[in-house]
$ cat coords-v1.txt   # compact mmCIF, C-alpha atoms and all ligand atoms
# COMPACT_ATOMS: atom_id res chain seq x y z
CA MET A 195 7.40 92.58 49.64
CA LYS A 196 9.62 90.31 51.74
CA THR A 197 8.48 86.83 52.85
CA ALA A 198 7.98 86.22 56.59
CA VAL A 199 8.47 82.79 58.16
CA ILE A 200 8.45 81.26 61.64
CA SER A 201 12.05 80.29 62.40
CA SER A 202 11.51 78.69 65.80
CA THR A 203 9.54 78.64 69.03
CA GLY A 204 10.36 78.45 72.73
CA LEU A 205 8.52 77.38 75.86
CA TRP A 206 9.08 77.95 79.56
CA THR A 207 6.94 76.06 82.05
CA PRO A 208 6.80 77.04 85.76
CA PRO A 209 8.04 74.27 88.09
CA ASN A 210 4.85 74.01 90.19
CA SER A 211 1.71 72.20 89.03
CA ILE A 212 -1.68 72.04 90.76
CA SER A 213 -3.92 69.02 90.12
CA ASN A 214 -7.71 69.29 89.97
CA GLU A 215 -7.85 67.34 93.22
CA GLU A 216 -5.65 69.89 95.02
CA LEU A 217 -7.50 72.87 93.53
CA VAL A 218 -10.96 71.52 94.35
CA ALA A 219 -9.91 70.63 97.93
CA SER A 220 -8.73 74.21 98.56
CA TYR A 221 -11.83 75.77 96.92
CA ASN A 222 -14.18 73.50 98.88
CA ALA A 223 -12.38 74.29 102.14
CA TRP A 224 -12.72 78.02 101.37
CA ALA A 225 -16.44 77.60 100.47
CA GLU A 226 -17.16 75.57 103.61
CA ASN A 227 -15.53 78.26 105.79
CA TRP A 228 -17.48 80.98 103.95
CA ASN A 229 -20.76 79.12 104.48
CA LEU A 230 -19.96 78.40 108.13
CA GLU A 231 -19.24 82.07 108.84
CA ARG A 232 -22.64 83.00 107.34
CA GLU A 233 -24.56 80.02 108.70
CA ALA A 234 -27.36 82.12 110.25
CA ASP A 235 -27.94 84.25 107.12
CA ILE A 236 -27.94 81.16 104.93
CA ALA A 237 -30.41 79.37 107.26
CA ALA A 238 -32.64 82.47 107.22
CA GLY A 239 -32.57 82.41 103.41
CA LEU A 240 -30.91 85.84 103.23
CA ILE A 241 -27.94 84.63 101.16
CA GLU A 242 -27.18 81.60 99.02
CA PRO A 243 -24.47 79.21 100.23
CA LYS A 244 -21.38 78.83 98.07
CA PRO A 245 -21.69 75.64 95.99
CA MET A 246 -18.99 72.94 96.06
CA SER A 247 -16.69 72.29 93.12
CA SER A 248 -15.98 68.86 91.65
CA VAL A 249 -12.99 67.22 89.97
CA GLU A 250 -15.29 65.16 87.72
CA PHE A 251 -17.15 68.25 86.48
CA ILE A 252 -13.95 70.11 85.65
CA GLU A 253 -12.45 67.28 83.64
CA LYS A 254 -15.67 66.47 81.77
CA ALA A 255 -16.60 70.13 81.03
CA SER A 256 -13.13 71.30 80.00
CA GLY A 257 -10.57 68.50 79.59
CA ILE A 258 -8.38 70.21 82.20
CA LYS A 259 -6.61 67.97 84.72
CA ALA A 260 -3.87 70.25 86.07
CA ARG A 261 -2.25 73.65 85.60
CA TYR A 262 1.19 75.17 86.20
CA VAL A 263 1.34 78.25 88.41
CA MET A 264 3.93 80.82 89.45
CA ASN A 265 2.90 80.52 93.12
CA LYS A 266 1.26 77.36 94.38
CA THR A 267 1.01 78.01 98.12
CA GLY A 268 -1.02 81.25 97.84
CA VAL A 269 -3.46 79.76 95.34
CA LEU A 270 -4.08 76.67 97.48
CA ASP A 271 -4.30 78.43 100.85
CA PRO A 272 -8.04 78.76 101.68
CA ASP A 273 -7.24 81.98 103.56
CA ILE A 274 -5.53 83.56 100.52
CA MET A 275 -6.90 82.01 97.28
CA ALA A 276 -4.53 84.05 95.07
CA PRO A 277 -0.92 83.84 93.93
CA ARG A 278 1.50 85.68 96.19
CA ILE A 279 4.18 87.07 93.91
CA PRO A 280 6.30 89.69 95.71
CA GLU A 281 6.87 93.03 94.03
CA ARG A 282 10.44 93.56 92.87
CA PRO A 283 12.66 96.61 93.19
CA ASN A 284 13.09 98.74 90.07
CA ASP A 285 16.61 97.45 89.46
CA GLN A 286 15.29 93.91 88.94
CA ILE A 287 13.65 92.57 85.82
CA SER A 288 9.88 91.96 86.18
CA VAL A 289 8.53 88.42 86.70
CA MET A 290 6.74 88.53 83.33
CA ALA A 291 9.86 89.65 81.47
CA GLU A 292 11.92 86.97 83.25
CA MET A 293 9.53 84.23 82.10
CA ALA A 294 9.52 85.62 78.58
CA VAL A 295 13.34 85.72 78.48
CA LYS A 296 13.49 82.01 79.37
CA ALA A 297 11.12 81.06 76.54
CA ALA A 298 12.89 83.49 74.18
CA ARG A 299 16.32 81.98 74.86
CA GLU A 300 15.03 78.59 73.75
CA ALA A 301 13.55 80.04 70.54
CA LEU A 302 16.81 81.87 69.74
CA GLU A 303 18.89 78.77 70.44
CA ARG A 304 16.69 76.58 68.24
CA ALA A 305 17.09 79.04 65.37
CA GLY A 306 20.83 79.47 65.97
CA ARG A 307 20.18 83.21 66.30
CA ARG A 308 22.21 85.64 68.42
CA PRO A 309 20.13 88.13 70.45
CA GLU A 310 21.92 91.08 68.84
CA ASP A 311 20.59 89.95 65.44
CA VAL A 312 16.98 90.40 66.62
CA ASP A 313 15.75 93.86 65.69
CA ALA A 314 12.29 93.96 67.26
CA VAL A 315 10.68 92.45 70.37
CA ILE A 316 6.92 92.24 70.84
CA CYS A 317 5.45 91.18 74.18
CA ALA A 318 1.92 90.00 73.42
CA ALA A 319 -0.09 88.85 76.44
CA SER A 320 -3.50 89.16 78.05
CA ASN A 321 -2.31 91.10 81.10
CA MET A 322 0.75 93.30 81.57
CA GLN A 323 2.49 93.57 84.89
CA ARG A 324 2.73 97.35 84.63
CA ALA A 325 1.99 100.15 82.21
CA TYR A 326 5.60 101.18 81.52
CA PRO A 327 8.44 100.69 80.85
CA ALA A 328 7.19 97.90 78.56
CA MET A 329 7.88 94.25 79.40
CA ALA A 330 9.14 93.93 75.82
CA ILE A 331 11.79 96.60 76.44
CA GLU A 332 12.95 94.71 79.54
CA VAL A 333 13.20 91.52 77.46
CA GLN A 334 15.10 93.44 74.77
CA LYS A 335 17.58 94.79 77.35
CA GLU A 336 17.98 91.49 79.22
CA LEU A 337 18.72 89.56 76.01
CA GLY A 338 20.72 92.34 74.36
CA CYS A 339 18.54 92.73 71.26
CA SER A 340 18.73 95.84 69.10
CA GLY A 341 15.96 97.87 67.42
CA PHE A 342 12.64 98.52 69.11
CA ALA A 343 10.23 96.76 71.48
CA PHE A 344 6.64 97.22 72.67
CA ASP A 345 3.78 95.46 74.47
CA MET A 346 0.42 94.58 72.99
CA ASN A 347 -2.71 92.96 74.41
CA VAL A 348 -5.47 91.09 72.59
CA ALA A 349 -6.38 88.67 75.42
CA CYS A 350 -6.24 85.00 74.35
CA SER A 351 -5.53 86.04 70.76
CA SER A 352 -2.43 88.05 71.63
CA ALA A 353 0.01 85.52 70.10
CA THR A 354 -1.61 85.26 66.66
CA PHE A 355 -2.06 89.04 66.57
CA GLY A 356 1.60 89.27 67.59
CA ILE A 357 2.65 86.86 64.83
CA GLN A 358 0.79 88.93 62.22
CA ALA A 359 2.29 92.17 63.57
CA ALA A 360 5.77 90.59 63.45
CA ALA A 361 5.17 89.18 59.96
CA ASP A 362 3.96 92.60 58.77
CA PHE A 363 7.18 94.22 60.05
CA VAL A 364 9.18 91.64 58.13
CA ARG A 365 7.02 91.90 54.99
CA SER A 366 7.31 95.70 54.95
CA GLY A 367 11.06 95.64 55.64
CA SER A 368 10.92 97.54 58.96
CA ALA A 369 12.48 94.53 60.76
CA ARG A 370 14.17 91.30 59.62
CA SER A 371 14.10 89.28 62.83
CA VAL A 372 11.24 89.75 65.32
CA LEU A 373 10.98 88.01 68.66
CA MET A 374 7.36 87.70 69.83
CA VAL A 375 6.90 86.55 73.45
CA ASN A 376 3.81 85.55 75.46
CA PRO A 377 4.38 85.49 79.23
CA GLU A 378 1.01 84.62 80.77
CA ILE A 379 0.45 84.77 84.54
CA CYS A 380 -3.23 83.91 84.22
CA SER A 381 -3.42 82.95 87.91
CA GLY A 382 -3.02 86.68 88.66
CA HIS A 383 -6.40 87.56 87.19
CA LEU A 384 -8.29 84.36 88.03
CA ASN A 385 -10.89 84.45 90.81
CA PHE A 386 -10.05 81.29 92.75
CA THR A 387 -13.23 81.77 94.85
CA ASP A 388 -15.50 81.54 91.78
CA ARG A 389 -16.63 77.91 91.49
CA ASP A 390 -17.58 78.25 87.81
CA SER A 391 -14.17 79.46 86.63
CA HIS A 392 -11.56 78.72 89.36
CA PHE A 393 -10.15 75.79 87.37
CA ILE A 394 -9.74 77.45 83.99
CA PHE A 395 -6.28 79.01 83.80
CA GLY A 396 -2.57 78.27 84.22
CA ASP A 397 0.74 80.15 83.87
CA VAL A 398 3.45 79.73 81.21
CA ALA A 399 5.59 81.65 78.68
CA THR A 400 6.06 81.03 74.97
CA ALA A 401 8.17 82.69 72.27
CA VAL A 402 8.00 82.76 68.48
CA LEU A 403 10.80 84.02 66.24
CA VAL A 404 9.41 85.51 63.01
CA GLU A 405 12.02 86.30 60.36
CA GLU A 406 12.69 87.16 56.77
CA GLU A 407 12.88 83.91 54.79
CA SER A 408 16.47 84.46 53.64
CA LEU A 409 17.70 84.52 57.28
CA ALA A 410 15.69 81.55 58.51
CA PRO A 411 17.22 78.20 59.52
CA ALA A 412 16.44 74.92 57.72
CA GLY A 413 13.16 73.39 58.79
CA HIS A 414 11.44 76.75 59.34
CA TRP A 415 7.72 77.33 58.76
CA LYS A 416 6.48 79.31 55.78
CA ILE A 417 3.61 81.59 56.76
CA LEU A 418 0.99 80.97 54.07
CA GLY A 419 -1.42 83.55 55.44
CA THR A 420 -2.48 85.39 58.59
CA LYS A 421 -5.90 86.78 59.40
CA LEU A 422 -7.28 88.58 62.45
CA LYS A 423 -10.81 89.31 63.62
CA THR A 424 -12.48 91.12 66.51
CA GLU A 425 -16.16 91.41 67.38
CA PHE A 426 -17.30 93.15 70.57
CA SER A 427 -18.69 90.96 73.34
CA ASN A 428 -19.32 91.49 77.06
CA ASN A 429 -19.23 87.75 77.74
CA ILE A 430 -15.60 87.72 78.87
CA ARG A 431 -14.51 90.72 80.91
CA ASN A 432 -11.79 91.93 83.23
CA ASN A 433 -12.46 95.44 84.54
CA PHE A 434 -9.09 95.85 86.26
CA GLY A 435 -7.39 99.02 85.16
CA PHE A 436 -5.41 102.05 86.18
CA LEU A 437 -8.54 104.05 87.10
CA ASN A 438 -9.82 101.43 89.57
CA ARG A 439 -8.04 102.97 92.55
CA THR A 440 -11.02 105.32 92.77
CA ALA A 441 -13.59 102.47 92.66
CA PRO A 442 -15.55 102.01 95.94
CA GLU A 443 -14.68 98.30 96.23
CA GLY A 444 -11.15 98.85 94.95
CA ILE A 445 -9.16 96.35 92.99
CA ASP A 446 -10.43 93.37 95.03
CA ALA A 447 -13.96 93.46 93.59
CA PRO A 448 -14.80 90.29 91.60
CA ASP A 449 -15.31 92.24 88.37
CA LYS A 450 -11.63 93.31 88.54
CA LEU A 451 -10.75 89.67 87.92
CA PHE A 452 -11.67 87.32 85.06
CA VAL A 453 -15.45 87.00 84.59
CA GLN A 454 -17.23 85.08 81.87
CA GLU A 455 -20.52 83.68 80.65
CA GLY A 456 -18.88 80.37 79.75
CA ARG A 457 -21.89 78.82 77.97
CA LYS A 458 -22.44 81.90 75.78
CA VAL A 459 -18.72 82.08 74.95
CA PHE A 460 -18.80 78.43 73.93
CA LYS A 461 -21.90 78.83 71.74
CA GLU A 462 -20.85 82.08 70.05
CA VAL A 463 -17.13 81.58 69.56
CA VAL A 464 -17.25 78.05 68.05
CA PRO A 465 -19.21 79.08 64.89
CA MET A 466 -17.30 82.37 64.60
CA VAL A 467 -13.93 80.60 64.59
CA ALA A 468 -15.03 77.67 62.39
CA THR A 469 -16.34 80.13 59.76
CA MET A 470 -13.18 82.21 59.95
CA ILE A 471 -10.95 79.15 59.43
CA THR A 472 -13.06 77.86 56.52
CA GLU A 473 -13.12 81.27 54.81
CA HIS A 474 -9.39 81.78 55.25
CA LEU A 475 -8.71 78.27 53.91
CA GLY A 476 -10.81 79.17 50.83
CA GLU A 477 -8.90 82.42 50.28
CA LEU A 478 -5.65 80.44 50.30
CA GLY A 479 -7.08 77.87 47.84
CA LEU A 480 -7.00 75.16 50.54
CA GLN A 481 -9.48 72.80 52.18
CA GLY A 482 -9.65 71.34 55.68
CA THR A 483 -8.31 68.06 54.31
CA ASP A 484 -5.11 69.88 53.21
CA LEU A 485 -4.20 70.42 56.87
CA ARG A 486 -1.92 67.92 58.53
CA ARG A 487 -2.54 69.41 61.95
CA MET A 488 -4.43 72.18 63.77
CA TRP A 489 -2.85 73.80 66.81
CA LEU A 490 -5.96 75.39 68.28
CA HIS A 491 -6.34 77.76 71.21
CA GLN A 492 -6.46 75.72 74.39
CA ALA A 493 -9.57 76.82 76.31
CA ASN A 494 -11.80 73.80 76.26
CA ALA A 495 -11.38 70.33 74.72
CA ASN A 496 -15.06 70.16 73.68
CA MET A 497 -14.82 73.53 71.91
CA ASN A 498 -11.79 72.31 69.95
CA ARG A 499 -13.58 69.08 69.03
CA LEU A 500 -16.52 71.07 67.63
CA ILE A 501 -14.37 73.55 65.73
CA SER A 502 -12.26 70.83 64.12
CA SER A 503 -15.44 68.85 63.22
CA LYS A 504 -16.85 71.88 61.42
CA VAL A 505 -13.57 72.45 59.54
CA LEU A 506 -12.85 68.81 58.64
CA GLY A 507 -16.43 67.53 58.35
CA ARG A 508 -15.62 64.89 60.99
CA GLU A 509 -14.09 64.81 64.45
CA ALA A 510 -10.32 65.33 64.53
CA ASN A 511 -8.18 62.87 66.44
CA GLU A 512 -5.49 63.87 68.96
CA ASP A 513 -2.85 63.68 66.21
CA GLU A 514 -4.75 66.12 63.99
CA SER A 515 -5.73 68.52 66.78
CA PRO A 516 -3.50 67.99 69.81
CA THR A 517 -4.48 69.35 73.21
CA VAL A 518 -2.26 70.39 76.08
CA LEU A 519 -5.21 71.29 78.33
CA ASP A 520 -4.74 68.23 80.54
CA THR A 521 -1.41 69.49 81.89
CA TYR A 522 -1.40 73.26 81.15
CA ALA A 523 -5.14 74.25 81.33
CA ASN A 524 -5.99 77.46 79.47
CA THR A 525 -2.85 79.59 79.24
CA SER A 526 -4.52 82.36 77.26
CA SER A 527 -2.43 83.53 74.29
CA ALA A 528 0.26 80.89 74.88
CA GLY A 529 -2.02 77.84 74.45
CA SER A 530 -1.88 77.35 70.68
CA ILE A 531 1.87 78.10 70.73
CA ILE A 532 2.50 75.43 73.40
CA ALA A 533 0.56 72.94 71.24
CA PHE A 534 2.60 73.98 68.17
CA HIS A 535 5.89 73.86 70.06
CA LYS A 536 5.27 70.42 71.57
CA HIS A 537 3.55 68.78 68.62
CA SER A 538 5.28 69.84 65.41
CA GLU A 539 8.57 67.91 65.28
CA ASP A 540 6.98 65.11 63.21
CA ILE A 541 5.55 67.38 60.50
CA ARG A 542 7.29 66.75 57.16
CA PRO A 543 8.38 69.35 54.58
CA GLY A 544 5.42 70.43 52.46
CA GLU A 545 2.84 69.54 55.13
CA ARG A 546 0.53 72.32 56.28
CA GLY A 547 -1.04 73.30 59.53
CA LEU A 548 -2.99 75.99 61.32
CA ILE A 549 -2.19 77.96 64.47
CA CYS A 550 -5.47 79.45 65.69
CA SER A 551 -6.44 81.54 68.70
CA PHE A 552 -9.73 82.86 70.03
CA GLY A 553 -10.96 84.55 73.17
CA ALA A 554 -12.01 87.74 74.88
CA GLY A 555 -12.98 90.74 72.82
CA TYR A 556 -14.15 88.58 71.07
CA SER A 557 -10.93 88.12 69.14
CA ALA A 558 -9.61 85.40 66.83
CA GLY A 559 -6.54 84.85 64.68
CA THR A 560 -5.54 82.28 62.06
CA VAL A 561 -1.95 81.61 60.96
CA PHE A 562 -1.58 78.97 58.24
CA VAL A 563 1.91 77.48 58.00
CA GLU A 564 3.80 75.02 55.81
CA LYS A 565 6.92 73.16 56.90
CA ALA A 566 9.93 74.07 54.75
CA ALA A 567 12.68 71.61 53.78
N1 LIG B 601 -17.90 72.03 89.87
C1 LIG B 601 -19.12 71.43 89.83
N2 LIG B 601 -20.16 71.91 89.14
C2 LIG B 601 -19.97 73.06 88.46
C3 LIG B 601 -18.73 73.74 88.45
C4 LIG B 601 -17.68 73.19 89.20
N3 LIG B 601 -16.46 73.75 89.28
N4 LIG B 601 -18.84 74.85 87.70
C5 LIG B 601 -20.10 74.86 87.22
N5 LIG B 601 -20.79 73.81 87.69
C6 LIG B 601 -22.20 73.46 87.45
C7 LIG B 601 -23.03 74.66 87.07
O1 LIG B 601 -23.48 75.38 88.21
C8 LIG B 601 -24.16 74.04 86.31
O2 LIG B 601 -25.09 73.50 87.22
P1 LIG B 601 -26.68 73.61 86.92
O3 LIG B 601 -26.88 72.85 85.63
O4 LIG B 601 -27.28 72.97 88.12
O5 LIG B 601 -26.95 75.07 86.77
C9 LIG B 601 -23.49 72.90 85.60
O6 LIG B 601 -22.31 72.59 86.33
C10 LIG B 601 -23.13 73.25 84.17
O7 LIG B 601 -22.47 74.51 84.17
P2 LIG B 601 -22.07 75.29 82.87
O8 LIG B 601 -21.45 76.60 83.24
O9 LIG B 601 -23.24 75.29 81.92
O10 LIG B 601 -20.94 74.30 82.34
P3 LIG B 601 -20.35 74.18 80.92
O11 LIG B 601 -20.64 72.83 80.42
O12 LIG B 601 -20.69 75.35 80.05
O13 LIG B 601 -18.78 74.27 81.20
C11 LIG B 601 -17.02 75.88 80.93
C12 LIG B 601 -18.22 75.44 81.76
C13 LIG B 601 -16.49 77.20 81.51
C14 LIG B 601 -15.94 74.82 81.06
C15 LIG B 601 -17.43 76.05 79.47
O14 LIG B 601 -18.60 76.82 79.35
C16 LIG B 601 -16.37 76.70 78.62
O15 LIG B 601 -15.26 76.22 78.51
N6 LIG B 601 -16.71 77.80 77.94
C17 LIG B 601 -15.81 78.53 77.11
C18 LIG B 601 -14.80 79.15 77.98
C19 LIG B 601 -13.79 79.92 77.23
O16 LIG B 601 -13.29 79.52 76.22
N7 LIG B 601 -13.47 81.06 77.76
C20 LIG B 601 -12.50 81.85 77.19
C21 LIG B 601 -11.50 82.11 78.19
S1 LIG B 601 -10.28 83.03 77.44
$ encode --input "coords-v1.txt" --output "structure tokens" --more "lines below"
Ligand code: COA
Amino acid sequence: MKTAVISSTGLWTPPNSISNEELVASYNAWAENWNLEREADIAAGLIEPKPMSSVEFIEKASGIKARYVMNKTGVLDPDIMAPRIPERPNDQISVMAEMAVKAAREALERAGRRPEDVDAVICAASNMQRAYPAMAIEVQKELGCSGFAFDMNVACSSATFGIQAAADFVRSGSARSVLMVNPEICSGHLNFTDRDSHFIFGDVATAVLVEEESLAPAGHWKILGTKLKTEFSNNIRNNFGFLNRTAPEGIDAPDKLFVQEGRKVFKEVVPMVATMITEHLGELGLQGTDLRRMWLHQANANMNRLISSKVLGREANEDESPTVLDTYANTSSAGSIIAFHKHSEDIRPGERGLICSFGAGYSAGTVFVEKAA
């Protein structure tokens, strides 16, 4: 069996950021208008008024201070409350593929790899812009990669599932150089009129180049082990799908956007992930103290604090478990890869770390890595 390693990563960040203050102002304006239009029904006790959102709550409950988005004006307009991203003609590359290509180019450049030397492209993300042709095939064509390409979706765990899929291709010999990209336009499935979740997500694209060890550049990351897990839960759902055109409320119904029972997710996913990490560490003959750093999924700062406490037996500091939530918010599958990309330059050869994702499904993935010389 061949040995798979991570050769490099790439990141592309949209130019526009929305602060909590801006987001809350637009939500509150929308809610006030909604309440005003239904003043009589609310006064008669027929319907509940929409509650107001608060900057303080968002930061305290999640650690999120801002998020990048593909379209700022639509999201912040109280009459729209959604990104406005125009459809493109068929002779243009899709928005998702375009974002992925930008992140991919950085990963290829950092590895000193030519696109034609890549022989598989995986696009792993929580939502795909269309059913087919695959975003991954667009990325393959745009970059000029050879071999094969396909899309896969495991919600927030898409990147770690993608890394294992890529590593398995390399281990089995069916590919030597695999580009795994995560374009996430989370604003497209976020309900900006839902006070309890309007602040959660942001947009971004990441890329990871997984290769056979003999090809990899100096300073690559050995993959010590990968592990994936899924366990059915209704607590995070998105019912949007290709059969919805027949639904009475159509694709605008709230259940066709992101919906969650945030408290339950928090309570159930933290122990599931902490146990998974500890068990996987044990299988590799390692302990929490052997980890120099954990690049955890970026959904909630308090969740990450709890998970790292359970793994280390004490709270991790920002150096041991960095967060990018303050500027990026939750970027679904891309979150742990952004953390890894931005906070790994200082890791020395022989030091070990963990890339870990978790989210809807439920799904979770652990990728233990060691910096090579
Ligand atoms: N502004 C002000 N108050 C708000 C608010 C907002 N935007 N959203 C919720 N609240 C209120 C609630 O109504 C509730 O009020 P009540 O106590 O009077 O009922 C209170 O704040 C606490 O709400 P709760 O939903 O229990 O907050 P929380 O501490 O659980 O934090 C999340 C909410 C979403 C940040 C948190 O549950 C979380 O991160 N969960 C995991 C999410 C996750 O990882 N999802 C996966 C996505 S892939």
$ residues_near_ligand --input "coords-v1.txt" --ligand "ligand LIG 601 (chain B)" --cutoff "6 Å" --atoms "all atoms listed in the file" --output "list in words"
Ser247, Ser248, Phe251, Ile252, Ala255, Ser256, Cys350, Arg389, Asp390, Gly456, Arg457, Val459, Phe460, Ala493, Asn494, Ser526, Gly553 and Ala554 of chain A
$ write_last_selection --input "coords-v1.txt" --atoms "C-alpha atoms" --output "mmCIF file, in the coordinates of the input"
data_model
loop_
_atom_site.group_PDB
_atom_site.id
_atom_site.type_symbol
_atom_site.label_atom_id
_atom_site.label_comp_id
_atom_site.auth_asym_id
_atom_site.auth_seq_id
_atom_site.Cartn_x
_atom_site.Cartn_y
_atom_site.Cartn_z
ATOM 1 C CA SER A 247 -16.690 72.290 93.120
ATOM 2 C CA SER A 248 -15.980 68.860 91.650
ATOM 3 C CA PHE A 251 -17.150 68.250 86.480
ATOM 4 C CA ILE A 252 -13.950 70.110 85.650
ATOM 5 C CA ALA A 255 -16.600 70.130 81.030
ATOM 6 C CA SER A 256 -13.130 71.300 80.000
ATOM 7 C CA CYS A 350 -6.240 85.000 74.350
ATOM 8 C CA ARG A 389 -16.630 77.910 91.490
ATOM 9 C CA ASP A 390 -17.580 78.250 87.810
ATOM 10 C CA GLY A 456 -18.880 80.370 79.750
ATOM 11 C CA ARG A 457 -21.890 78.820 77.970
ATOM 12 C CA VAL A 459 -18.720 82.080 74.950
ATOM 13 C CA PHE A 460 -18.800 78.430 73.930
ATOM 14 C CA ALA A 493 -9.570 76.820 76.310
ATOM 15 C CA ASN A 494 -11.800 73.800 76.260
ATOM 16 C CA SER A 526 -4.520 82.360 77.260
ATOM 17 C CA GLY A 553 -10.960 84.550 73.170
ATOM 18 C CA ALA A 554 -12.010 87.740 74.880
#
$ residues_around --input "coords-v1.txt" --residues "Ala566 of chain A" --least-positions-apart "2" --cutoff "6 Å" --atoms "all atoms listed in the file" --output "list in words"
Gly413, His414, Trp415 and Pro543 of chain A
$ residues_near_point --input "coords-v1.txt" --point "(-11.3, 86.0, 83.7)" --cutoff "8 Å" --atoms "all atoms listed in the file" --output "MDAnalysis selection string"
chainID A and resid 383:385 391 430:432 451:454
$ write_last_selection --input "coords-v1.txt" --atoms "C-alpha atoms" --output "JSON list (two decimals), keeping the file's coordinate frame"
[["chain", "number", "residue", "atom", "x", "y", "z"],
["A", 383, "HIS", "CA", -6.40, 87.56, 87.19],
["A", 384, "LEU", "CA", -8.29, 84.36, 88.03],
["A", 385, "ASN", "CA", -10.89, 84.45, 90.81],
["A", 391, "SER", "CA", -14.17, 79.46, 86.63],
["A", 430, "ILE", "CA", -15.60, 87.72, 78.87],
["A", 431, "ARG", "CA", -14.51, 90.72, 80.91],
["A", 432, "ASN", "CA", -11.79, 91.93, 83.23],
["A", 451, "LEU", "CA", -10.75, 89.67, 87.92],
["A", 452, "PHE", "CA", -11.67, 87.32, 85.06],
["A", 453, "VAL", "CA", -15.45, 87.00, 84.59],
["A", 454, "GLN", "CA", -17.23, 85.08, 81.87]]
$ residues_around --input "coords-v1.txt" --residues "segment 198-204 of chain A" --least-positions-apart "6" --cutoff "6 Å" --atoms "all atoms listed in the file" --output "compact mmCIF listing (two decimals) with C-alpha atoms, in the coordinates of the input"
# COMPACT_ATOMS: atom_id res chain seq x y z
CA ALA A 297 11.12 81.06 76.54
CA ALA A 298 12.89 83.49 74.18
CA GLU A 300 15.03 78.59 73.75
CA ALA A 301 13.55 80.04 70.54
CA ALA A 305 17.09 79.04 65.37
CA ALA A 361 5.17 89.18 59.96
CA VAL A 364 9.18 91.64 58.13
CA ARG A 365 7.02 91.90 54.99
CA THR A 400 6.06 81.03 74.97
CA ALA A 401 8.17 82.69 72.27
CA VAL A 402 8.00 82.76 68.48
CA LEU A 403 10.80 84.02 66.24
CA VAL A 404 9.41 85.51 63.01
CA GLU A 405 12.02 86.30 60.36
CA GLU A 406 12.69 87.16 56.77
CA GLU A 407 12.88 83.91 54.79
CA ALA A 410 15.69 81.55 58.51
CA HIS A 414 11.44 76.75 59.34
CA TRP A 415 7.72 77.33 58.76
CA LYS A 416 6.48 79.31 55.78
CA ILE A 417 3.61 81.59 56.76
$ residues_around --input "coords-v1.txt" --residues "Asn210 of chain A" --least-positions-apart "6" --cutoff "7 Å" --atoms "all atoms listed in the file" --output "ChimeraX atom specification"
/A:262-264,266
$ write_last_selection --input "coords-v1.txt" --atoms "C-alpha atoms" --output "compact mmCIF listing (two decimals), in the frame of the given file"
# COMPACT_ATOMS: atom_id res chain seq x y z
CA TYR A 262 1.19 75.17 86.20
CA VAL A 263 1.34 78.25 88.41
CA MET A 264 3.93 80.82 89.45
CA LYS A 266 1.26 77.36 94.38
$ residues_around --input "coords-v1.txt" --residues "Ala359 of chain A" --least-positions-apart "3" --cutoff "12 Å" --atoms "all atoms listed in the file" --output "ChimeraX atom specification"
/A:198,314-318,344-348,352-356,362-366,368-369,372-374,404-405,420-422,559,561
$ closest_residue --input "coords-v1.txt" --among "A:Val463, A:Ala325, A:Met470, A:Ala294" --to "Thr207 of chain A" --atoms "only C-alpha atoms"
A:Ala294
$ residues_around --input "coords-v1.txt" --residues "Gly341 of chain A" --least-positions-apart "2" --cutoff "8 Å" --atoms "all atoms listed in the file" --output "list in words"
Val312, Asp313, Ala314, Cys339 and Ala343 of chain A
$ closest_residue --input "coords-v1.txt" --among "A:Pro411, A:Pro209, A:Pro516, A:Pro283" --to "Arg486 of chain A" --atoms "all atoms listed in the file"
A:Pro516
$ atom_distance --input "coords-v1.txt" --atom1 "atom CA of Ile501 of chain A" --atom2 "atom CA of Arg546 of chain A"
17.7 Å
$ atom_distance --input "coords-v1.txt" --atom1 "atom CA of Gly257 of chain A" --atom2 "atom CA of Glu473 of chain A"
28.0 Å
$ atom_distance --input "coords-v1.txt" --atom1 "atom CA of Gln481 of chain A" --atom2 "atom CA of Val505 of chain A"
8.4 Å
$ closest_residue --input "coords-v1.txt" --among "A:Pro377, A:Gly507, A:Gly419, A:Gly396" --to "Gln492 of chain A" --atoms "only C-alpha atoms"
A:Gly396
